[in-house]
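Asker: Submitted below is the structure of interest, expressed as structure tokens.
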Amino acid sequence: MNMDSQPADRHDSPRQEPRLPPGQVKTDKWPVLHYGSVPRVDLATWELRVDGLVEHPQRWTWEQFQTLPRVQVFSDIHCVTRWSRYDNLWEGVSIREVLRRAVPQSSGRFAIIHAAQGFTTNLPLTELDQDDVLLADRHDGEPLTPDHGWPLRLVVPRRYFWKSAKWVSRIEVAGEDAPGFWERNGYHNEANPWREERFSDW
């Protein structure tokens, strides 16, 4: 596939008001934040799986993933550490496209996102069923860098940015919620920036 060609579809994330969520500071930089080291990824062995409570489990190599219909998404991002970055242009594959091929069962209500080094995060399927949620491999016209999640990261604009997991390798559809790494370590399960859902009450 020619990566310089324009995708067939573009979505602008709906503008929330106020645009800057409470307690956030706007920045033009993109800080690098993660737990642990940046993983080394070999595209020759990389794969993305979608499984769990689905009718048609899916598995794509990197080359196969690149043949899926592509989208661009224009959105803001908001980190729980209180910075926000406006007007990010993402490119990749819509989560709707991925789940449409897998067909979640009626009992499937949540997605457990699996990433490198055993990291997970969790989201309701209803949150993923938005046209501005995607699996991105490019940002602002360039391939993602490894420290920002290359080769693939989830982007969920309506939640704090830790829910936009880096280095994604599997999406597991589940019937019950299963809090992930940060959610088990004091962060809020819902992570809505406009409600300042930063930390858990548990």
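A note on labels: chains of the structure tokens are A, B, ... as shown, every chain counts residues from 1, and ligands are counted from 1 in their shown order.
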Mind listing the helix (DSSP H, G or I) residues of range 2-172 of chain A, per DSSP on the backbone, as a count of residues only?
Answerer: 25
Asker: Counting only C-alpha atoms, what is within 6 Å of range 71-86 of chain A, bar same-chain residues fewer than 5 positions away, as a PyMOL selection string?
Answerer: chain A and resi 7+9-13+24-28+91-93+132+157+160-161
Asker: Suppose we keep N, CA and C atoms; can you now write the selection as a tab-separated table (two decimals), in the first residue's frame?
Answerer:
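Final output, out_7.tsv:
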chain	number	residue	atom	x	y	z
A	7	PRO	N	-6.18	8.63	2.91
A	7	PRO	CA	-7.20	7.66	3.28
A	7	PRO	C	-8.56	8.05	2.72
A	9	ASP	N	-11.36	8.07	4.29
A	9	ASP	CA	-12.32	8.58	5.26
A	9	ASP	C	-11.59	9.39	6.31
A	10	ARG	N	-12.21	10.49	6.74
A	10	ARG	CA	-11.64	11.30	7.80
A	10	ARG	C	-12.74	11.69	8.77
A	11	HIS	N	-12.39	11.68	10.06
A	11	HIS	CA	-13.34	12.05	11.11
A	11	HIS	C	-12.70	13.09	12.02
A	12	ASP	N	-13.44	14.13	12.33
A	12	ASP	CA	-13.02	15.09	13.34
A	12	ASP	C	-13.74	14.75	14.64
A	13	SER	N	-12.96	14.61	15.70
A	13	SER	CA	-13.56	14.28	16.98
A	13	SER	C	-14.50	15.40	17.43
A	24	GLN	N	-6.42	20.94	33.41
A	24	GLN	CA	-5.45	20.66	32.35
A	24	GLN	C	-4.73	21.94	31.91
A	25	VAL	N	-3.55	21.78	31.34
A	25	VAL	CA	-2.76	22.87	30.78
A	25	VAL	C	-2.43	22.52	29.33
A	26	LYS	N	-2.71	23.43	28.41
A	26	LYS	CA	-2.45	23.18	27.00
A	26	LYS	C	-0.95	23.24	26.72
A	27	THR	N	-0.46	22.30	25.90
A	27	THR	CA	0.93	22.29	25.49
A	27	THR	C	1.01	21.96	24.00
A	28	ASP	N	2.05	22.46	23.35
A	28	ASP	CA	2.30	22.09	21.96
A	28	ASP	C	3.26	20.90	21.87
A	91	GLU	N	-3.66	8.58	11.90
A	91	GLU	CA	-4.03	7.75	10.75
A	91	GLU	C	-3.86	6.28	11.12
A	92	GLY	N	-4.82	5.47	10.68
A	92	GLY	CA	-4.77	4.05	10.97
A	92	GLY	C	-6.05	3.38	10.53
A	93	VAL	N	-6.52	2.46	11.35
A	93	VAL	CA	-7.71	1.67	11.05
A	93	VAL	C	-8.74	1.89	12.16
A	132	ASP	N	-14.37	8.25	15.97
A	132	ASP	CA	-13.06	8.86	16.14
A	132	ASP	C	-12.10	7.99	16.95
A	157	PRO	N	-10.16	9.45	22.09
A	157	PRO	CA	-10.09	10.87	22.45
A	157	PRO	C	-10.92	11.28	23.65
A	160	TYR	N	-8.96	9.96	29.32
A	160	TYR	CA	-7.56	10.29	29.59
A	160	TYR	C	-6.67	9.37	28.78
A	161	PHE	N	-5.49	9.87	28.46
A	161	PHE	CA	-4.67	9.25	27.42
A	161	PHE	C	-4.09	7.90	27.81
Asker: Measuring between only C-alpha atoms, which one of A:Leu135, A:Ile95, A:Val103, A:Ala191 shows the shortest distance to Trp167 in chain A?
Answerer: A:Leu135
Asker: Just list as a count of residues only whatever in range 68-137 of chain A DSSP marks as strand (DSSP E or B).
Answerer: 36
Asker: Quick one: of A:Leu128, A:Val155, A:Ala111, A:Leu89, who's nearest to Glu176 in chain A, counting only C-alpha atoms?
Answerer: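 Smallest separation from Glu176 in chain A among the options: A:Ala111.
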Asker: What is the CA of Pro57 in chain A to CA of Arg101 in chain A distance in Å?
Answerer: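 One can read the CA of Pro57 in chain A to CA of Arg101 in chain A distance as 8.4 Å.
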Asker: Could you tell me which of A:Ser94, A:Ser169, A:Thr120, A:Gln16 comes closest to Arg59 in chain A if we count only C-alpha atoms?
Answerer: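 Among the listed residues, the smallest separation from Arg59 in chain A belongs to A:Ser169.
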Asker: For a quick check of understanding, using only C-alpha atoms, which of A:Val41, A:Leu48, A:Ala136, A:Leu152 has the smallest distance to Glu172 in chain A?
Answerer: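 Of all the options, A:Leu48 lies closest to Glu172 in chain A.
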